[in-house]
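Student: So here's protein21.txt, just compact mmCIF, C-alpha atoms:
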```
# COMPACT_ATOMS: atom_id res chain seq x y z
CA MET A 30 -2.73 -28.92 -15.54
CA ILE A 31 0.29 -27.54 -13.65
CA THR A 32 2.50 -30.17 -12.01
CA SER A 33 5.65 -28.05 -11.66
CA LEU A 34 6.49 -24.50 -12.72
CA GLY A 35 9.83 -25.59 -14.17
CA PRO A 36 13.21 -23.85 -14.10
CA TYR A 37 11.71 -20.34 -14.48
CA ALA A 38 9.26 -20.61 -11.58
CA ASP A 39 10.65 -17.41 -10.01
CA PHE A 40 9.78 -15.37 -13.11
CA ILE A 41 6.24 -16.80 -13.25
CA LEU A 42 5.58 -16.25 -9.54
CA LEU A 43 7.01 -12.72 -9.68
CA SER A 44 4.68 -11.91 -12.60
CA TYR A 45 1.58 -13.16 -10.78
CA GLY A 46 2.77 -11.40 -7.62
CA ALA A 47 3.10 -8.10 -9.52
CA ALA A 48 -0.41 -8.56 -11.00
CA THR A 49 -1.90 -9.30 -7.57
CA LEU A 50 -0.15 -6.29 -6.08
CA THR A 51 -1.44 -4.12 -8.95
CA ALA A 52 -5.07 -5.26 -8.59
CA LEU A 53 -5.06 -4.99 -4.78
CA GLY A 54 -3.12 -1.70 -4.79
CA LEU A 55 -5.51 -0.02 -7.23
CA THR A 56 -8.55 -1.32 -5.33
CA LEU A 57 -7.16 -0.11 -2.00
CA TRP A 58 -6.32 3.27 -3.56
CA VAL A 59 -9.89 3.92 -4.81
CA VAL A 60 -11.51 2.62 -1.61
CA LEU A 61 -9.31 4.67 0.78
CA ASP A 62 -9.54 7.75 -1.46
CA HIS A 63 -13.35 7.44 -1.44
CA ARG A 64 -13.45 7.19 2.37
CA ARG A 65 -11.17 10.21 2.76
CA LEU A 66 -13.19 12.30 0.29
CA ARG A 67 -16.54 11.39 1.89
CA HIS A 68 -15.13 12.29 5.29
CA THR A 69 -13.89 15.70 4.03
CA LEU A 70 -17.20 16.40 2.24
CA SER A 71 -19.20 15.51 5.36
CA ALA A 72 -16.99 17.81 7.45
CA LEU A 73 -17.59 20.71 5.02
CA GLU A 74 -21.34 20.07 4.95
CA ALA A 75 -21.39 19.95 8.75
CA ARG A 76 -19.93 23.48 8.69
CA GLY A 77 -23.03 24.60 6.80
CA LEU A 78 -21.59 24.61 3.27
CA THR A 79 -23.97 23.31 0.60
CA ARG A 80 -23.97 23.22 -3.18
CA ARG A 81 -26.33 25.44 -5.19
CA SER A 82 -28.10 22.38 -6.62
CA ALA A 83 -28.69 21.03 -3.10
CA ARG A 84 -30.18 24.37 -2.09
CA ALA A 85 -32.41 24.36 -5.18
CA ALA A 86 -33.57 20.85 -4.34
CA ALA A 87 -34.33 22.00 -0.80
CA ARG A 88 -36.44 24.86 -2.21
CA ILE A 89 -38.56 22.28 -4.06
CA ALA A 90 -38.93 20.33 -0.80
CA PRO A 91 -39.26 23.24 1.68
CA GLU A 92 -39.41 21.02 4.77
CA THR A 93 -35.60 20.57 4.47
CA PRO A 94 -33.97 23.36 6.54
CA VAL A 95 -31.25 25.19 4.59
CA ASP A 96 -31.41 28.70 6.09
CA GLY A 97 -28.11 30.23 7.03
CA LYS A 98 -26.04 27.86 4.86
CA LEU A 99 -23.56 28.99 2.27
CA GLU A 100 -24.05 27.81 -1.31
CA THR A 101 -21.76 26.79 -4.16
CA GLN A 102 -22.14 25.76 -7.78
CA ALA A 103 -20.31 22.40 -7.99
CA MET B 25 -30.28 9.78 -24.12
CA LEU B 26 -28.15 7.80 -21.64
CA LEU B 27 -25.19 10.15 -22.20
CA ALA B 28 -27.46 13.15 -21.61
CA ASP B 29 -28.70 11.56 -18.38
CA LEU B 30 -25.14 10.86 -17.26
CA ALA B 31 -24.16 14.48 -17.91
CA ASN B 32 -25.57 15.21 -14.47
CA PRO B 33 -22.81 14.30 -11.95
CA SER B 34 -25.34 13.67 -9.15
CA ARG B 35 -27.21 11.19 -11.34
CA PHE B 36 -23.91 9.56 -12.31
CA LEU B 37 -22.97 9.18 -8.62
CA VAL B 38 -26.25 7.37 -7.87
CA LEU B 39 -25.79 5.05 -10.87
CA ALA B 40 -22.10 4.37 -10.07
CA SER B 41 -22.87 3.58 -6.43
CA ARG B 42 -25.47 1.04 -7.55
CA LEU B 43 -23.24 -0.57 -10.19
CA ILE B 44 -19.87 -0.75 -8.38
CA PRO B 45 -20.73 -3.58 -5.90
CA TRP B 46 -22.15 -5.73 -8.73
CA LEU B 47 -19.18 -5.04 -10.99
CA ALA B 48 -16.76 -5.84 -8.15
CA GLY B 49 -18.51 -9.19 -7.59
CA LEU B 50 -18.42 -9.94 -11.32
CA THR B 51 -14.69 -9.09 -11.45
CA VAL B 52 -13.87 -11.48 -8.58
CA ALA B 53 -15.94 -14.26 -10.24
CA LEU B 54 -14.25 -13.70 -13.62
CA PHE B 55 -10.76 -13.76 -12.06
CA ALA B 56 -11.62 -16.99 -10.20
CA ALA B 57 -12.85 -18.62 -13.44
CA GLY B 58 -9.87 -17.29 -15.41
CA LEU B 59 -7.32 -18.58 -12.90
CA VAL B 60 -8.95 -22.05 -12.88
CA LEU B 61 -8.59 -22.12 -16.69
CA VAL B 62 -4.96 -20.91 -16.42
CA VAL B 63 -4.09 -23.68 -13.93
CA ARG B 64 -5.74 -26.29 -16.19
CA SER B 65 -4.10 -25.04 -19.38
CA PRO B 66 -1.17 -27.00 -20.83
CA ALA B 67 2.47 -25.89 -20.93
CA ASP B 68 3.77 -24.65 -24.29
CA TYR B 69 5.89 -27.10 -26.31
CA LEU B 70 8.62 -24.45 -26.72
CA GLN B 71 8.26 -22.04 -23.79
CA GLY B 72 7.21 -24.64 -21.20
CA GLU B 73 5.46 -23.26 -18.09
CA THR B 74 6.79 -19.75 -18.78
CA VAL B 75 3.86 -19.29 -21.19
CA ARG B 76 1.69 -18.71 -18.10
CA ILE B 77 3.12 -15.18 -17.87
CA MET B 78 1.19 -14.50 -21.10
CA TYR B 79 -2.15 -14.72 -19.23
CA ILE B 80 -1.10 -11.69 -17.15
CA HIS B 81 1.12 -9.80 -19.59
CA VAL B 82 -1.18 -9.74 -22.64
CA PRO B 83 -4.35 -8.53 -20.82
CA ALA B 84 -2.28 -5.86 -19.02
CA ALA B 85 -0.85 -4.69 -22.36
CA TRP B 86 -4.32 -4.62 -23.96
CA LEU B 87 -5.73 -2.61 -21.07
CA SER B 88 -2.85 -0.13 -21.21
CA MET B 89 -4.01 0.73 -24.76
CA LEU B 90 -7.76 0.41 -24.06
CA THR B 91 -7.48 2.86 -21.15
CA TYR B 92 -5.69 5.38 -23.35
CA GLY B 93 -8.43 4.84 -25.96
CA ILE B 94 -11.04 5.69 -23.30
CA MET B 95 -9.05 8.83 -22.49
CA ALA B 96 -8.90 9.80 -26.19
CA VAL B 97 -12.71 9.51 -26.52
CA SER B 98 -13.05 11.51 -23.28
CA ALA B 99 -10.71 14.17 -24.70
CA LEU B 100 -13.04 14.51 -27.71
CA GLY B 101 -15.91 14.78 -25.22
CA THR B 102 -14.11 17.67 -23.52
CA LEU B 103 -13.12 19.57 -26.65
CA VAL B 104 -16.05 18.88 -29.01
CA TRP B 105 -19.14 18.14 -26.91
CA ARG B 106 -17.97 19.79 -23.65
CA HIS B 107 -19.51 16.90 -21.72
CA PRO B 108 -19.31 17.69 -17.97
CA LEU B 109 -18.00 14.22 -17.14
CA ALA B 110 -15.52 13.87 -20.02
CA ASP B 111 -12.54 15.36 -18.18
CA VAL B 112 -13.58 13.48 -15.03
CA ALA B 113 -13.44 10.22 -17.03
CA ALA B 114 -10.04 11.01 -18.57
CA ARG B 115 -8.49 12.13 -15.30
CA ALA B 116 -9.81 9.10 -13.40
CA ALA B 117 -8.50 6.72 -16.08
CA ALA B 118 -4.91 8.03 -16.21
CA PRO B 119 -3.50 6.49 -12.97
CA ILE B 120 -5.22 3.17 -13.77
CA GLY B 121 -3.81 3.17 -17.31
CA ALA B 122 -0.33 4.06 -16.04
CA THR B 123 -0.46 1.16 -13.55
CA PHE B 124 -1.57 -1.37 -16.19
CA THR B 125 1.17 -0.13 -18.54
CA ALA B 126 3.76 -0.54 -15.76
CA LEU B 127 2.44 -4.07 -15.15
CA ALA B 128 2.73 -4.87 -18.88
CA LEU B 129 6.33 -3.59 -18.91
CA VAL B 130 7.32 -5.49 -15.74
CA THR B 131 5.71 -8.79 -16.74
CA GLY B 132 7.11 -8.37 -20.27
CA SER B 133 10.61 -8.05 -18.80
CA LEU B 134 10.04 -11.08 -16.56
CA TRP B 135 8.88 -13.06 -19.60
CA GLY B 136 11.67 -11.71 -21.82
CA ARG B 137 14.55 -12.70 -19.55
CA PRO B 138 14.03 -16.50 -19.78
CA MET B 139 12.75 -16.42 -23.41
CA TRP B 140 14.98 -13.78 -25.08
CA GLY B 141 17.86 -13.77 -22.60
CA THR B 142 17.33 -10.09 -21.74
CA TYR B 143 14.99 -8.04 -19.55
CA TRP B 144 14.93 -5.13 -21.99
CA GLU B 145 15.59 -4.40 -25.66
CA TRP B 146 15.09 -1.02 -27.32
CA ASP B 147 12.89 -2.48 -30.05
CA ALA B 148 9.87 -0.65 -31.49
CA ARG B 149 7.17 -2.42 -29.44
CA LEU B 150 8.90 -2.12 -26.07
CA THR B 151 9.98 1.47 -26.68
CA SER B 152 6.51 2.61 -27.88
CA VAL B 153 4.90 1.07 -24.77
CA LEU B 154 7.47 2.86 -22.61
CA VAL B 155 6.50 6.10 -24.41
CA LEU B 156 2.84 5.34 -23.54
CA PHE B 157 3.82 4.96 -19.87
CA ILE B 158 5.67 8.31 -19.96
CA MET B 159 2.61 9.91 -21.64
CA TYR B 160 0.42 8.73 -18.76
CA LEU B 161 2.84 10.18 -16.19
CA GLY B 162 3.08 13.45 -18.14
CA LEU B 163 -0.72 13.81 -18.24
CA ILE B 164 -1.04 13.12 -14.50
CA ALA B 165 1.63 15.78 -13.87
CA LEU B 166 -0.17 18.25 -16.18
CA TRP B 167 -3.50 17.85 -14.36
CA ARG B 168 -1.75 18.39 -11.04
CA THR B 169 0.11 21.46 -12.28
CA ILE B 170 -2.85 23.48 -13.64
CA GLU B 171 -5.11 24.47 -10.76
CA ASP B 172 -8.06 25.72 -12.84
CA PRO B 173 -9.96 22.52 -13.86
CA THR B 174 -11.35 24.05 -17.10
CA ARG B 175 -7.92 25.12 -18.39
CA GLY B 176 -6.39 21.87 -17.19
CA ALA B 177 -9.09 19.85 -18.96
CA ARG B 178 -8.52 21.56 -22.34
CA ALA B 179 -4.72 21.32 -22.13
CA ALA B 180 -4.88 17.66 -21.10
CA ALA B 181 -7.44 16.86 -23.84
CA ILE B 182 -5.16 18.32 -26.53
CA LEU B 183 -2.15 16.40 -25.19
CA ILE B 184 -4.18 13.16 -24.99
CA LEU B 185 -5.27 13.50 -28.63
CA VAL B 186 -1.69 14.22 -29.76
CA GLY B 187 -0.47 11.21 -27.76
CA SER B 188 -3.11 8.92 -29.27
CA VAL B 189 -0.92 8.76 -32.41
CA ASN B 190 1.17 6.32 -30.35
CA LEU B 191 -1.65 3.72 -30.21
CA PRO B 192 -1.41 2.53 -33.86
CA ILE B 193 2.38 2.73 -33.57
CA ILE B 194 2.25 0.28 -30.64
CA LYS B 195 -0.19 -2.02 -32.43
CA PHE B 196 1.64 -2.15 -35.78
CA SER B 197 5.22 -1.71 -34.53
CA VAL B 198 5.79 -5.47 -34.77
CA ASP B 199 4.74 -5.38 -38.46
CA TRP B 200 6.44 -2.12 -39.50
CA TRP B 201 9.83 -2.85 -37.92
CA ASN B 202 11.97 -5.89 -37.30
CA THR B 203 11.40 -6.41 -33.58
CA LEU B 204 12.45 -8.93 -30.96
CA HIS B 205 8.84 -8.88 -29.78
CA GLN B 206 6.68 -11.45 -31.59
CA PRO B 207 4.01 -10.30 -34.10
CA ALA B 208 0.30 -10.27 -33.23
CA SER B 209 -1.07 -13.74 -32.56
CA VAL B 210 -4.68 -13.06 -31.43
CA PHE B 211 -6.11 -10.09 -33.38
CA ARG B 212 -5.09 -11.04 -36.93
CA MET B 213 -6.89 -10.85 -40.26
CA ASP B 214 -6.48 -14.63 -40.69
CA GLY B 215 -7.61 -15.44 -37.13
CA PRO B 216 -5.70 -16.28 -33.93
CA THR B 217 -2.62 -18.49 -34.18
CA ILE B 218 -2.84 -19.61 -30.54
CA ASP B 219 -4.26 -23.05 -29.77
CA ALA B 220 -7.77 -23.03 -28.26
CA THR B 221 -6.45 -24.61 -25.03
CA MET B 222 -4.46 -21.41 -24.45
CA LEU B 223 -6.79 -18.95 -26.19
CA LEU B 224 -9.69 -19.71 -23.82
CA PRO B 225 -7.81 -18.93 -20.55
CA LEU B 226 -6.29 -15.87 -22.22
CA ALA B 227 -9.77 -14.61 -23.22
CA ALA B 228 -11.10 -15.33 -19.72
CA MET B 229 -8.24 -13.40 -18.08
CA ALA B 230 -8.67 -10.53 -20.56
CA LEU B 231 -12.37 -10.37 -19.64
CA ALA B 232 -11.51 -10.38 -15.91
CA PHE B 233 -8.94 -7.59 -16.35
CA THR B 234 -11.46 -5.56 -18.39
CA ALA B 235 -14.10 -5.96 -15.65
CA LEU B 236 -11.47 -4.77 -13.14
CA LEU B 237 -10.75 -1.72 -15.30
CA VAL B 238 -14.46 -0.82 -15.62
CA THR B 239 -15.02 -1.21 -11.85
CA LEU B 240 -11.93 0.81 -10.90
CA HIS B 241 -12.69 3.49 -13.48
CA LEU B 242 -16.26 4.00 -12.24
CA ALA B 243 -15.01 4.16 -8.63
CA ALA B 244 -12.21 6.59 -9.56
CA MET B 245 -14.70 8.79 -11.50
CA ARG B 246 -16.95 8.87 -8.42
CA ASN B 247 -13.94 9.96 -6.35
CA GLU B 248 -13.03 12.65 -8.88
CA ILE B 249 -16.55 14.14 -8.75
CA LEU B 250 -16.37 14.24 -4.94
CA ARG B 251 -12.90 15.85 -5.14
CA ARG B 252 -14.29 18.63 -7.40
CA ARG B 253 -17.23 19.21 -5.05
CA ILE B 254 -14.84 19.56 -2.12
CA ARG B 255 -12.75 22.04 -4.11
CA ALA B 256 -15.84 24.10 -5.00
CA LEU B 257 -17.06 24.09 -1.39
CA GLY B 258 -13.58 25.10 -0.22
CA LEU B 259 -13.55 28.04 -2.66
CA THR B 260 -17.01 29.12 -1.45
CA ALA B 261 -15.84 28.97 2.16
CA ALA B 262 -12.71 30.98 1.28
CA GLY B 263 -14.86 33.58 -0.57
CA ALA B 264 -17.24 33.91 2.37
CA ALA B 265 -14.36 34.34 4.82
CA ARG B 266 -13.04 37.43 2.94
```
What would you get if you wrote out this structure as structure tokens?
Tutor:
Amino acid sequence: MITSLGPYADFILLSYGAATLTALGLTLWVVLDHRRLRHTLSALEARGLTRRSARAAARIAPETPVDGKLETQA
Amino acid sequence: MLLADLANPSRFLVLASRLIPWLAGLTVALFAAGLVLVVRSPADYLQGETVRIMYIHVPAAWLSMLTYGIMAVSALGTLVWRHPLADVAARAAAPIGATFTALALVTGSLWGRPMWGTYWEWDARLTSVLVLFIMYLGLIALWRTIEDPTRGARAAAILILVGSVNLPIIKFSVDWWNTLHQPASVFRMDGPTIDATMLLPLAAMALAFTALLVTLHLAAMRNEILRRRIRALGLTAAGAAR
């Protein structure tokens, strides 16, 4: 059990600080990147752009309106 | 069968979206348990409280190599099996691996200063890990330089496989050369040389870091798939505008 971090406390705290910053930084990066990408994708889809696979899926379920939309392969 | 199912990016996205919240919860729980064990662990008879840096430094160093290992398998997936998600996996792993390698280098320096009297020494272990860090940065730069994803994937896969030679060098550098860095004390033929009171918190922290890697990697792969869809839609829009 820790009672005192001793004479090198600064080094220990800096290490744990760097690890915390790393974990939080990476998490924030993937979360914010995901939000930005979803936003961009939604904006493109709102302009009528759809992927070829989405159009094929819509053909199987014909009640989904896809007429007049551009298609892509990705 | 599972790999064949995951070859479909849409199916992978559904699976990743279901798994990520559970994995994130598991990661938080494992870190909480690991930190409790770290706080309860004793000080080392020689290093004193400074030994606590080990619980951060060693898992970060392991993950820096594990992530490159994942990239090497992905590179084989790109070149040999042409798996649609192989390059996605490698590309998503690179920034995470680079960050863990940087953390291993920084915490190693912070541990080295009080124990060795220096932040840095050009010994085989430290230098080979620095080379690993530079490899990660080089790969990230390569992916960003080549615009065509197929060409970029093949070039990166070849470079990853060439760079994987560094992994055994890192692992055995402490045995092959006379280094300031200590030899292996956990993964040894004759078993770990660390006392169980320190081995348990180390294992718990390693498990927590690994769960963090898996969660971040899945999330970064999901982002990479979305990024490629946006690129494809953008190209379609540009083609239609002509």
Student: Please check the contacts: residues of chain A at most 9 Å away from chain B, using all atoms listed in the file, listed as an NGL selection string.
Tutor: :A and (30-31 or 33-38 or 40-45 or 47-48 or 51-52 or 55-56 or 59-60 or 62-63 or 66-67 or 69-70 or 73-74 or 78-80 or 99-103)
Student: Just to confirm, what's the straight-line distance from atom CA of Asn190 of chain B to atom CA of Leu156 of chain B in Å (one decimal)?
Tutor: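 Pair atom CA of Asn190 of chain B / atom CA of Leu156 of chain B returns 7.1 Å.
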Student: Residues within 12 Å of Leu223 of chain B, please, as a PyMOL selection string. Count all atoms listed in the file; anything in the same chain fewer than 2 positions from it doesn't count.
Tutor: chain B and resi 58+61-62+65-66+75-76+78-79+82-83+209-211+215-221+225-230
Student: Keeping only C-alpha atoms, write those residues as a PDB file, keeping the file's coordinate frame.
Tutor:
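Now in part.pdb:
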```pdb
ATOM      1  CA  GLY B  58      -9.870 -17.290 -15.410  1.00  0.00           C
ATOM      2  CA  LEU B  61      -8.590 -22.120 -16.690  1.00  0.00           C
ATOM      3  CA  VAL B  62      -4.960 -20.910 -16.420  1.00  0.00           C
ATOM      4  CA  SER B  65      -4.100 -25.040 -19.380  1.00  0.00           C
ATOM      5  CA  PRO B  66      -1.170 -27.000 -20.830  1.00  0.00           C
ATOM      6  CA  VAL B  75       3.860 -19.290 -21.190  1.00  0.00           C
ATOM      7  CA  ARG B  76       1.690 -18.710 -18.100  1.00  0.00           C
ATOM      8  CA  MET B  78       1.190 -14.500 -21.100  1.00  0.00           C
ATOM      9  CA  TYR B  79      -2.150 -14.720 -19.230  1.00  0.00           C
ATOM     10  CA  VAL B  82      -1.180  -9.740 -22.640  1.00  0.00           C
ATOM     11  CA  PRO B  83      -4.350  -8.530 -20.820  1.00  0.00           C
ATOM     12  CA  SER B 209      -1.070 -13.740 -32.560  1.00  0.00           C
ATOM     13  CA  VAL B 210      -4.680 -13.060 -31.430  1.00  0.00           C
ATOM     14  CA  PHE B 211      -6.110 -10.090 -33.380  1.00  0.00           C
ATOM     15  CA  GLY B 215      -7.610 -15.440 -37.130  1.00  0.00           C
ATOM     16  CA  PRO B 216      -5.700 -16.280 -33.930  1.00  0.00           C
ATOM     17  CA  THR B 217      -2.620 -18.490 -34.180  1.00  0.00           C
ATOM     18  CA  ILE B 218      -2.840 -19.610 -30.540  1.00  0.00           C
ATOM     19  CA  ASP B 219      -4.260 -23.050 -29.770  1.00  0.00           C
ATOM     20  CA  ALA B 220      -7.770 -23.030 -28.260  1.00  0.00           C
ATOM     21  CA  THR B 221      -6.450 -24.610 -25.030  1.00  0.00           C
ATOM     22  CA  PRO B 225      -7.810 -18.930 -20.550  1.00  0.00           C
ATOM     23  CA  LEU B 226      -6.290 -15.870 -22.220  1.00  0.00           C
ATOM     24  CA  ALA B 227      -9.770 -14.610 -23.220  1.00  0.00           C
ATOM     25  CA  ALA B 228     -11.100 -15.330 -19.720  1.00  0.00           C
ATOM     26  CA  MET B 229      -8.240 -13.400 -18.080  1.00  0.00           C
ATOM     27  CA  ALA B 230      -8.670 -10.530 -20.560  1.00  0.00           C
TER      28      ALA B 230
END
```
Student: What separation in Å, quoted to one decimal, exists between atom CA of Thr174 of chain B and atom CA of Ala110 of chain B?
Tutor: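 It comes out at 11.4 Å.
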Student: What lies within 8 Å of Thr102 of chain B using only C-alpha atoms, ignoring chain neighbours under 3 positions off, as a compact mmCIF listing (two decimals) with C-alpha atoms, keeping the file's coordinate frame?
Tutor:
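Below is the file that was written, selection.txt:
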```txt
# COMPACT_ATOMS: atom_id res chain seq x y z
CA SER B 98 -13.05 11.51 -23.28
CA ALA B 99 -10.71 14.17 -24.70
CA TRP B 105 -19.14 18.14 -26.91
CA ARG B 106 -17.97 19.79 -23.65
CA HIS B 107 -19.51 16.90 -21.72
CA PRO B 108 -19.31 17.69 -17.97
CA ALA B 110 -15.52 13.87 -20.02
CA ASP B 111 -12.54 15.36 -18.18
CA ALA B 177 -9.09 19.85 -18.96
CA ARG B 178 -8.52 21.56 -22.34
CA ALA B 181 -7.44 16.86 -23.84
```
